[in-house]
Amino acid sequence: MNKAKQFITARRVSLGLILLLAGLMYLSTIIPQGIDSTPGQIGVWRLGHARLSWLVDAFNLHSIYSQPLFAALVLFAALALGVSSYDQLFVSLNKLSSSGTASADEVATGITELHLCAVARANRYRLLQAGSDRKLKFVRNPWGFFGNLLLHIGMTLVIIVSLYVALTARQGALILVEGEPHDSRQPWDVSEHGLLASPLLLPGTIRLDAVRVQFDNKHQPKEVFSDISITEASGRVDSLTASINRILRFGGMRIYHTAQYGNAFAVTFTDKSGSIHSETIAAQQPTSPTEAGYSEEFGVNWSPYLLSAKYYADADKKSMTSTNPELFLRLTQGGKEIAQASLTKGRSGELGEYQVQLNKVSRWSKLIVVDSSGMPLVFTGFGIIMIGGLIHYSMPPRELIAVRQQHGSFTVFWKAASFREFFMDERDKVATALKKENES
Amino acid sequence: MKMSLELYIASNWAVVIVYVLATIANVSGALFRKDRFERISYRIAWVGMALHTGLIAVWWAEVGHGPYMAPNEVLSSDAWVTMASYFVFLRIYPRIRPASVLAFPATFLMLALSMFYNPGIRTLPATFRSVWLLIHIGLYKIALATLVIACALAIFYLLKSRTEGGWLQQLPSLETLDIYSYRFAGFGFIFWTIGMLAGSIWAYQSWGRFWGWDPTETWSLITCLMFGAYLHLRRFFRLQGPYAAWALIVCFIISLVTLFGMATLSGSIHSEYFK
Ligand code: HEM
């Protein structure tokens, strides 16, 4: 047991763990990862690095973060941190109570208790313990002994809870258009769930009632609100408002408003044979009256071409809140533009071989629904790390240890827990103040 | 106050020139051991900073958001924070005085570099209106400034350990340089870490996730871990002297890759707004 503990907290092991984790993270930035690369991108990389493929496959390096080995390594690091924190607690308590003078500088001798206490107080050294009657101990920044401990406890907490969150969280993203309900059985636009969680289901039918955008005087969106209503199976309807940077809570879930929102254009396309096809095209909110917002390029089953759109918030390019936006439609094939058309509400035009008409303009927004627990603990861990680190580096403790001599006066020693050289001036100042008694 | 783009660009160049003058006076002061030159260099730097502050404020009012969206704003505010942090730390730790030989030129180089980016007006996405974002960005800037000082001291250590003569004699002792660069690396580490965690809180608040392994996030964590490794080496393996100085310089380069390289090269959310 003791051997295992020694191994886990060995200095070389902790250094090795830190470097190994940093190394794996580095690899994840040069080898495309499944979580953020398309199969095509991974294929291109593999073609260019054919000789490394066996190694990448052997260690599953296209999914570094989602493989059990990485989780095991991180868990081991958490264990090492936890056990080490336990040890550090006793080391810190020991340091706080020890009154050894081995590595301390003698700064004065023949000092009375009264004068010693006065000088210590004036220099913000606090009397900590008067354990043995032969010694007095004063410490400046005693909490500094616990900085490192807090730093490591915080890291332990964050790692363990993050792993729990990764395993149990589930989420889904929805693109909603004003007025169109989204049933809880309909699929999400994108969704994911942790290994131990089942897929997320909406508690009811969700409908986007309105998107409201407030602009500042520079035409920049200051606040974006989406008013939604959720109808539960029981028939109960809840009206809520989601907005950017403000988390909305509903039925134990959190609803986030993304920065993706804008106008949705209901357009009909009439082909040469007279068939009519309706499409709703969502394009991103433009950033100013003179700039366009763009949609993604997408394919449709009734045309061999790809379709894309951009729009200006105002056909006159003056306002962000105009009711007359201007839509540009584009057809492409093999990366080449085939046709373009511009439309305003109610107007029709020609887009290559199609007659197009803009029938309706509404708003759309993308919301993310998350169901996870444990985040408050992650943030508590962050707080502990921040406080621990700050304490450790900005408040190294300094000690005054006074040893009672036979005739009742004290010999005083000074030491710093770390960065001793930084506090030489302080040491000299204390020494001078102490010696003043003898001179006077 | 409204300011034309031409006037803004010209004023920025004027500030660059003031900083260059401060650097010349400062480096000459160090080389020729003239205290007076150094004192003058501080005064010039103060003038530069006052003008620089004014320009940042005017641009802030003009574009309606803080200096953290377009690359010119980012670099200009990095330059400002580097100079300001140097003066703050100088007050607290007078022995870092010689670090000005690196902090001053770093300031004018960053500001000059900022002028090569088009100072176009970027809009601020609504997700960027968060106090955590300000803490996130502000602390990275302070971390950078702190690491510039730590790195300067490490470089001085290496120079002084090779040759003793000339202006290097003016520098503090090797032990002092070593321990100061260690402490400033510690400050850098903790500012960096808090900045990273604040970014994570912001991400949680804005996008529903607190960590997404995007390239900039990953590099930021790599940097944090590398500084952790450096500090462990110093603490546990008594790493000091030239090896410690080299280890710190490597960590500093990694931090530059994260701050500037990743933001421009990678396809992360961070780069989207930097480009
Ligand atoms: C992997 C397991 C780890 C173990 C077992 C471990 C253990 C320790 C111990 C025992 C100390 C000395 C405490 C003292 O003497 O008061 C220490 C110091 C420190 N550790 Fe860790 N640590 C680990 C990981 C990390 C990580 C991941 C980081 C940050 C990225 C880190 C950052 C630090 C820092 C900054 C110090 C203080 C060094 C100094 O005083 O300058 N540690 N660690």
# chains A, B, ... in the order shown; residues from 1 in each chain; ligands from 1
>>> closest_atom_pairs(of="segment 70-145 of chain B", to="segment 247-259 of chain B", cutoff="12 Å", atoms="only C-alpha atoms", output="tab-separated table")
residue	atom	partner	partner_atom	distance
B:Pro71	CA	B:Leu259	CA	11.4
B:Val74	CA	B:Leu259	CA	10.3
B:Leu75	CA	B:Leu259	CA	10.4
B:Asp78	CA	B:Leu259	CA	10.4
B:Ile137	CA	B:Leu259	CA	10.5
B:Tyr140	CA	B:Leu259	CA	8.3
B:Lys141	CA	B:Leu259	CA	9.2
B:Ala143	CA	B:Ser255	CA	9.5
B:Leu144	CA	B:Ser255	CA	7.9
B:Ala145	CA	B:Phe252	CA	10.9
>>> interface_residues(of="chain A", to="chain B", cutoff="7 Å", atoms="only C-alpha atoms", output="NGL selection string")
:A and (11 or 15 or 18-19 or 22 or 25 or 29 or 218 or 220-223 or 244-247 or 256 or 258-259 or 287 or 370 or 382 or 386 or 389-390 or 393 or 419)
>>> closest_atom_pairs(of="chain A", to="ligand 1", cutoff="7 Å", atoms="only C-alpha atoms and all ligand atoms", output="Markdown table")
| residue | atom | partner | partner_atom_place_in_ligand_line | distance |
| --- | --- | --- | --- | --- |
| A:Ile8 | CA | ligand 1 | 5 (C) | 7.0 |
| A:Thr9 | CA | ligand 1 | 5 (C) | 4.6 |
| A:Ala10 | CA | ligand 1 | 5 (C) | 6.9 |
| A:Arg11 | CA | ligand 1 | 5 (C) | 6.9 |
| A:Ser14 | CA | ligand 1 | 1 (C) | 4.1 |
| A:Leu15 | CA | ligand 1 | 1 (C) | 6.8 |
| A:Leu17 | CA | ligand 1 | 1 (C) | 5.5 |
| A:Ile18 | CA | ligand 1 | 27 (C) | 5.5 |
| A:Ala77 | CA | ligand 1 | 1 (C) | 4.7 |
| A:Ala78 | CA | ligand 1 | 2 (C) | 6.9 |
| A:Ala80 | CA | ligand 1 | 5 (C) | 4.7 |
| A:Leu81 | CA | ligand 1 | 2 (C) | 4.5 |
| A:Ser84 | CA | ligand 1 | 5 (C) | 5.0 |
| A:Gln88 | CA | ligand 1 | 13 (C) | 6.1 |
| A:Ser92 | CA | ligand 1 | 16 (O) | 6.9 |
| A:Asn148 | CA | ligand 1 | 16 (O) | 5.4 |
| A:Leu149 | CA | ligand 1 | 16 (O) | 6.7 |
| A:His152 | CA | ligand 1 | 21 (Fe) | 6.4 |
>>> write_last_selection(atoms="all heavy atoms", output="CSV table (one decimal), in the first residue's frame")
chain,number,residue,atom,x,y,z
A,8,ILE,N,2.6,6.6,-6.7
A,8,ILE,CA,1.6,7.6,-7.2
A,8,ILE,C,2.1,9.0,-7.0
A,8,ILE,O,1.9,9.9,-7.8
A,8,ILE,CB,0.3,7.3,-6.5
A,8,ILE,CG1,-0.3,6.0,-7.0
A,8,ILE,CG2,-0.7,8.5,-6.8
A,8,ILE,CD1,-1.6,5.7,-6.3
A,9,THR,N,2.7,9.3,-5.8
A,9,THR,CA,3.1,10.7,-5.5
A,9,THR,C,4.5,11.0,-5.8
A,9,THR,O,5.0,12.1,-5.5
A,9,THR,CB,2.8,11.0,-4.1
A,9,THR,OG1,3.4,10.0,-3.3
A,9,THR,CG2,1.3,11.0,-3.8
A,10,ALA,N,5.2,10.0,-6.5
A,10,ALA,CA,6.6,10.2,-6.8
A,10,ALA,C,6.8,11.5,-7.6
A,10,ALA,O,6.0,11.7,-8.5
A,10,ALA,CB,7.2,9.0,-7.4
A,11,ARG,N,7.9,12.2,-7.4
A,11,ARG,CA,8.1,13.5,-8.1
A,11,ARG,C,8.2,13.2,-9.6
A,11,ARG,O,7.7,13.9,-10.4
A,11,ARG,CB,9.4,14.1,-7.6
A,11,ARG,CG,9.2,14.5,-6.2
A,11,ARG,CD,10.5,14.8,-5.6
A,11,ARG,NE,10.2,15.3,-4.2
A,11,ARG,CZ,11.1,16.0,-3.5
A,11,ARG,NH1,12.3,16.3,-3.9
A,11,ARG,NH2,10.7,16.4,-2.3
A,14,SER,N,4.7,12.5,-11.1
A,14,SER,CA,3.9,13.6,-11.4
A,14,SER,C,4.4,14.5,-12.6
A,14,SER,O,3.6,14.9,-13.4
A,14,SER,CB,3.7,14.5,-10.2
A,14,SER,OG,4.9,14.8,-9.5
A,15,LEU,N,5.7,14.6,-12.6
A,15,LEU,CA,6.3,15.3,-13.8
A,15,LEU,C,6.0,14.6,-15.1
A,15,LEU,O,5.6,15.2,-16.1
A,15,LEU,CB,7.8,15.5,-13.6
A,15,LEU,CG,8.5,16.3,-14.7
A,15,LEU,CD1,8.1,17.7,-14.6
A,15,LEU,CD2,10.1,16.2,-14.5
A,17,LEU,N,3.6,12.6,-15.7
A,17,LEU,CA,2.1,12.7,-16.0
A,17,LEU,C,1.8,14.0,-16.7
A,17,LEU,O,1.1,14.1,-17.7
A,17,LEU,CB,1.3,12.6,-14.7
A,17,LEU,CG,0.8,11.2,-14.3
A,17,LEU,CD1,0.2,11.3,-13.0
A,17,LEU,CD2,-0.1,10.7,-15.4
A,18,ILE,N,2.4,15.1,-16.1
A,18,ILE,CA,2.1,16.4,-16.7
A,18,ILE,C,2.6,16.5,-18.1
A,18,ILE,O,2.0,16.9,-19.0
A,18,ILE,CB,2.8,17.5,-15.9
A,18,ILE,CG1,2.2,17.5,-14.4
A,18,ILE,CG2,2.6,18.9,-16.5
A,18,ILE,CD1,2.9,18.5,-13.5
A,77,ALA,N,-4.1,10.7,-12.9
A,77,ALA,CA,-3.6,12.0,-12.5
A,77,ALA,C,-4.4,12.6,-11.3
A,77,ALA,O,-3.8,13.1,-10.4
A,77,ALA,CB,-3.6,13.0,-13.7
A,78,ALA,N,-5.7,12.4,-11.4
A,78,ALA,CA,-6.6,12.9,-10.3
A,78,ALA,C,-6.3,12.2,-9.0
A,78,ALA,O,-6.2,12.8,-8.0
A,78,ALA,CB,-8.0,12.7,-10.7
A,80,ALA,N,-3.4,10.8,-8.2
A,80,ALA,CA,-2.1,11.3,-7.8
A,80,ALA,C,-2.2,12.6,-7.1
A,80,ALA,O,-1.7,12.9,-6.0
A,80,ALA,CB,-1.1,11.4,-9.0
A,81,LEU,N,-3.1,13.5,-7.7
A,81,LEU,CA,-3.3,14.8,-7.2
A,81,LEU,C,-4.0,14.7,-5.8
A,81,LEU,O,-3.6,15.4,-4.8
A,81,LEU,CB,-4.1,15.7,-8.1
A,81,LEU,CG,-3.4,16.3,-9.3
A,81,LEU,CD1,-4.4,16.7,-10.4
A,81,LEU,CD2,-2.6,17.5,-8.8
A,84,SER,N,-1.7,13.2,-3.2
A,84,SER,CA,-0.6,14.2,-2.9
A,84,SER,C,-1.2,15.4,-2.1
A,84,SER,O,-0.6,15.9,-1.2
A,84,SER,CB,0.0,14.8,-4.2
A,84,SER,OG,0.6,16.0,-4.0
A,88,GLN,N,0.0,16.8,1.3
A,88,GLN,CA,0.3,18.3,1.4
A,88,GLN,C,-0.4,18.9,2.6
A,88,GLN,O,0.2,19.8,3.2
A,88,GLN,CB,0.0,19.0,0.1
A,88,GLN,CG,0.9,18.7,-1.0
A,88,GLN,CD,0.6,19.5,-2.3
A,88,GLN,OE1,0.3,20.7,-2.2
A,88,GLN,NE2,0.5,18.9,-3.4
A,92,SER,N,1.6,21.0,5.2
A,92,SER,CA,1.3,22.4,5.4
A,92,SER,C,1.1,22.7,6.9
A,92,SER,O,1.6,23.6,7.5
A,92,SER,CB,0.1,22.8,4.7
A,92,SER,OG,0.2,22.6,3.3
A,148,ASN,N,-0.5,26.0,-2.1
A,148,ASN,CA,-0.3,24.9,-3.0
A,148,ASN,C,-1.3,23.8,-2.8
A,148,ASN,O,-1.7,23.1,-3.8
A,148,ASN,CB,1.1,24.4,-2.7
A,148,ASN,CG,1.9,24.1,-4.0
A,148,ASN,OD1,1.3,23.7,-5.0
A,148,ASN,ND2,3.1,24.4,-4.0
A,149,LEU,N,-1.6,23.6,-1.6
A,149,LEU,CA,-2.6,22.5,-1.2
A,149,LEU,C,-3.9,22.8,-1.9
A,149,LEU,O,-4.5,21.9,-2.6
A,149,LEU,CB,-2.8,22.5,0.3
A,149,LEU,CG,-4.0,21.7,0.8
A,149,LEU,CD1,-3.7,20.2,0.5
A,149,LEU,CD2,-4.2,21.9,2.3
A,152,HIS,N,-3.8,22.2,-5.7
A,152,HIS,CA,-3.9,20.8,-6.1
A,152,HIS,C,-5.2,20.1,-5.8
A,152,HIS,O,-5.7,19.3,-6.5
A,152,HIS,CB,-2.7,20.0,-5.5
A,152,HIS,CG,-1.4,20.3,-6.1
A,152,HIS,ND1,-0.8,21.5,-5.9
A,152,HIS,CD2,-0.7,19.6,-7.0
A,152,HIS,CE1,0.3,21.5,-6.6
A,152,HIS,NE2,0.4,20.4,-7.3
>>> select_by_dssp(residues="segment 102-176 of chain A", states="strand (DSSP E)", output="MDAnalysis selection string")
chainID A and resid 105:111 126:129 135:140 170:176
>>> residues_around(residues="segment 100-105 of chain B", least_positions_apart="4", cutoff="10 Å", atoms="only C-alpha atoms", output="ChimeraX atom specification")
/B:16,19-24,26-31,38,41-42,45,79,82-87,90,96,109-111,145-146,148-149,151-153,155-156
>>> atom_distance(atom1="atom CA of Ala154 of chain B", atom2="atom CA of Gly241 of chain B")
8.8 Å
>>> atom_distance(atom1="atom CA of Thr290 of chain A", atom2="atom CA of Thr321 of chain A")
12.9 Å
>>> closest_residue(among="A:Asp425, A:Glu178, A:Asp36, A:Asp183", to="Thr280 of chain A", atoms="only C-alpha atoms")
A:Glu178
>>> residues_around(residues="segment 344-346 of chain A", least_positions_apart="2", cutoff="8 Å", atoms="only C-alpha atoms", output="PyMOL selection string")
chain A and resi 315+324-327+342+348+357-361
>>> atom_distance(atom1="atom CA of Leu93 of chain A", atom2="atom CA of Gly408 of chain A")
28.7 Å
>>> residues_around(residues="segment 105-108 of chain A", least_positions_apart="5", cutoff="9 Å", atoms="only C-alpha atoms", output="list in words")
Phe410, Thr411, Val412, Phe413, Trp414, Lys415, Arg427, Asp428, Val430, Ala431, Thr432, Leu434 and Lys435 of chain A
>>> write_last_selection(atoms="all heavy atoms", output="short mmCIF file (atom, residue, chain, number, x, y, z; two decimals), in the first residue's frame")
data_model
loop_
_atom_site.label_atom_id
_atom_site.label_comp_id
_atom_site.auth_asym_id
_atom_site.auth_seq_id
_atom_site.Cartn_x
_atom_site.Cartn_y
_atom_site.Cartn_z
N PHE A 410 14.99 37.03 24.28
CA PHE A 410 14.86 36.11 23.14
C PHE A 410 15.95 36.33 22.08
O PHE A 410 16.39 37.46 21.84
CB PHE A 410 13.51 36.34 22.46
CG PHE A 410 12.35 35.80 23.24
CD1 PHE A 410 11.73 36.56 24.22
CD2 PHE A 410 11.87 34.51 23.00
CE1 PHE A 410 10.66 36.07 24.93
CE2 PHE A 410 10.81 34.00 23.72
CZ PHE A 410 10.19 34.77 24.69
N THR A 411 16.31 35.21 21.45
CA THR A 411 17.10 35.31 20.21
C THR A 411 16.09 35.07 19.09
O THR A 411 15.30 34.14 19.14
CB THR A 411 18.19 34.23 20.17
OG1 THR A 411 19.05 34.46 21.27
CG2 THR A 411 18.97 34.29 18.87
N VAL A 412 16.12 35.97 18.09
CA VAL A 412 15.08 35.92 17.07
C VAL A 412 15.66 35.46 15.73
O VAL A 412 16.71 35.95 15.29
CB VAL A 412 14.41 37.30 16.91
CG1 VAL A 412 13.24 37.22 15.93
CG2 VAL A 412 13.94 37.82 18.26
N PHE A 413 14.96 34.51 15.09
CA PHE A 413 15.35 34.00 13.77
C PHE A 413 14.26 34.37 12.77
O PHE A 413 13.08 34.47 13.12
CB PHE A 413 15.49 32.48 13.82
CG PHE A 413 16.58 32.01 14.74
CD1 PHE A 413 16.34 31.86 16.11
CD2 PHE A 413 17.85 31.73 14.24
CE1 PHE A 413 17.33 31.44 16.96
CE2 PHE A 413 18.85 31.30 15.09
CZ PHE A 413 18.60 31.16 16.45
N TRP A 414 14.70 34.52 11.53
CA TRP A 414 13.74 34.88 10.47
C TRP A 414 13.88 33.87 9.34
O TRP A 414 14.99 33.45 9.01
CB TRP A 414 14.07 36.28 9.96
CG TRP A 414 13.21 36.73 8.80
CD1 TRP A 414 12.07 37.47 8.89
CD2 TRP A 414 13.44 36.50 7.41
NE1 TRP A 414 11.56 37.71 7.64
CE2 TRP A 414 12.38 37.13 6.71
CE3 TRP A 414 14.41 35.84 6.67
CZ2 TRP A 414 12.28 37.11 5.31
CZ3 TRP A 414 14.31 35.81 5.28
CH2 TRP A 414 13.26 36.44 4.62
N LYS A 415 12.77 33.47 8.74
CA LYS A 415 12.86 32.68 7.50
C LYS A 415 11.64 32.88 6.62
O LYS A 415 10.57 33.28 7.10
CB LYS A 415 13.10 31.21 7.80
CG LYS A 415 11.95 30.41 8.35
CD LYS A 415 12.41 28.94 8.43
CE LYS A 415 11.37 28.11 9.15
NZ LYS A 415 11.81 26.76 9.43
N ARG A 427 13.40 41.41 5.91
CA ARG A 427 14.15 40.80 7.02
C ARG A 427 15.03 41.86 7.70
O ARG A 427 15.05 41.99 8.93
CB ARG A 427 15.05 39.67 6.47
CG ARG A 427 15.88 39.00 7.53
CD ARG A 427 17.05 38.25 6.93
NE ARG A 427 18.00 39.16 6.29
CZ ARG A 427 19.11 38.75 5.68
NH1 ARG A 427 19.39 37.46 5.59
NH2 ARG A 427 19.94 39.63 5.13
N ASP A 428 15.72 42.67 6.86
CA ASP A 428 16.62 43.67 7.43
C ASP A 428 15.85 44.73 8.23
O ASP A 428 16.30 45.21 9.27
CB ASP A 428 17.44 44.33 6.32
CG ASP A 428 18.34 43.28 5.66
OD1 ASP A 428 18.54 42.20 6.25
OD2 ASP A 428 18.83 43.54 4.54
N VAL A 430 13.00 44.28 9.79
CA VAL A 430 12.58 43.69 11.07
C VAL A 430 13.78 43.63 12.02
O VAL A 430 13.69 44.00 13.21
CB VAL A 430 11.99 42.28 10.84
CG1 VAL A 430 11.75 41.57 12.16
CG2 VAL A 430 10.69 42.37 10.05
N ALA A 431 14.93 43.22 11.47
CA ALA A 431 16.13 43.10 12.30
C ALA A 431 16.49 44.46 12.90
O ALA A 431 16.76 44.58 14.11
CB ALA A 431 17.29 42.56 11.46
N THR A 432 16.45 45.51 12.06
CA THR A 432 16.79 46.85 12.55
C THR A 432 15.83 47.28 13.65
O THR A 432 16.24 47.79 14.69
CB THR A 432 16.74 47.87 11.38
OG1 THR A 432 17.41 47.29 10.28
CG2 THR A 432 17.34 49.19 11.74
N LEU A 434 14.11 45.39 15.61
CA LEU A 434 14.33 44.61 16.83
C LEU A 434 15.54 45.13 17.60
O LEU A 434 15.51 45.28 18.82
CB LEU A 434 14.55 43.13 16.48
CG LEU A 434 13.29 42.33 16.10
CD1 LEU A 434 13.67 40.96 15.55
CD2 LEU A 434 12.35 42.19 17.30
N LYS A 435 16.60 45.44 16.84
CA LYS A 435 17.84 45.84 17.50
C LYS A 435 17.73 47.21 18.15
O LYS A 435 18.53 47.56 19.00
CB LYS A 435 18.99 45.83 16.48
CG LYS A 435 19.46 44.40 16.18
CD LYS A 435 20.47 44.40 15.06
CE LYS A 435 20.75 42.99 14.59
NZ LYS A 435 21.23 42.99 13.20
#
>>> select_by_dssp(residues="segment 266-411 of chain A", states="alpha helix (DSSP H)", output="PyMOL selection string")
chain A and resi 375-394
>>> closest_residue(among="B:Tyr117, B:Trp132, B:Phe108, B:Tyr157", to="Pro242 of chain B", atoms="only C-alpha atoms")
B:Tyr157
>>> closest_residue(among="A:Ala309, A:Val56, A:Ile255, A:Val237", to="Leu174 of chain A", atoms="only C-alpha atoms")
A:Ile255
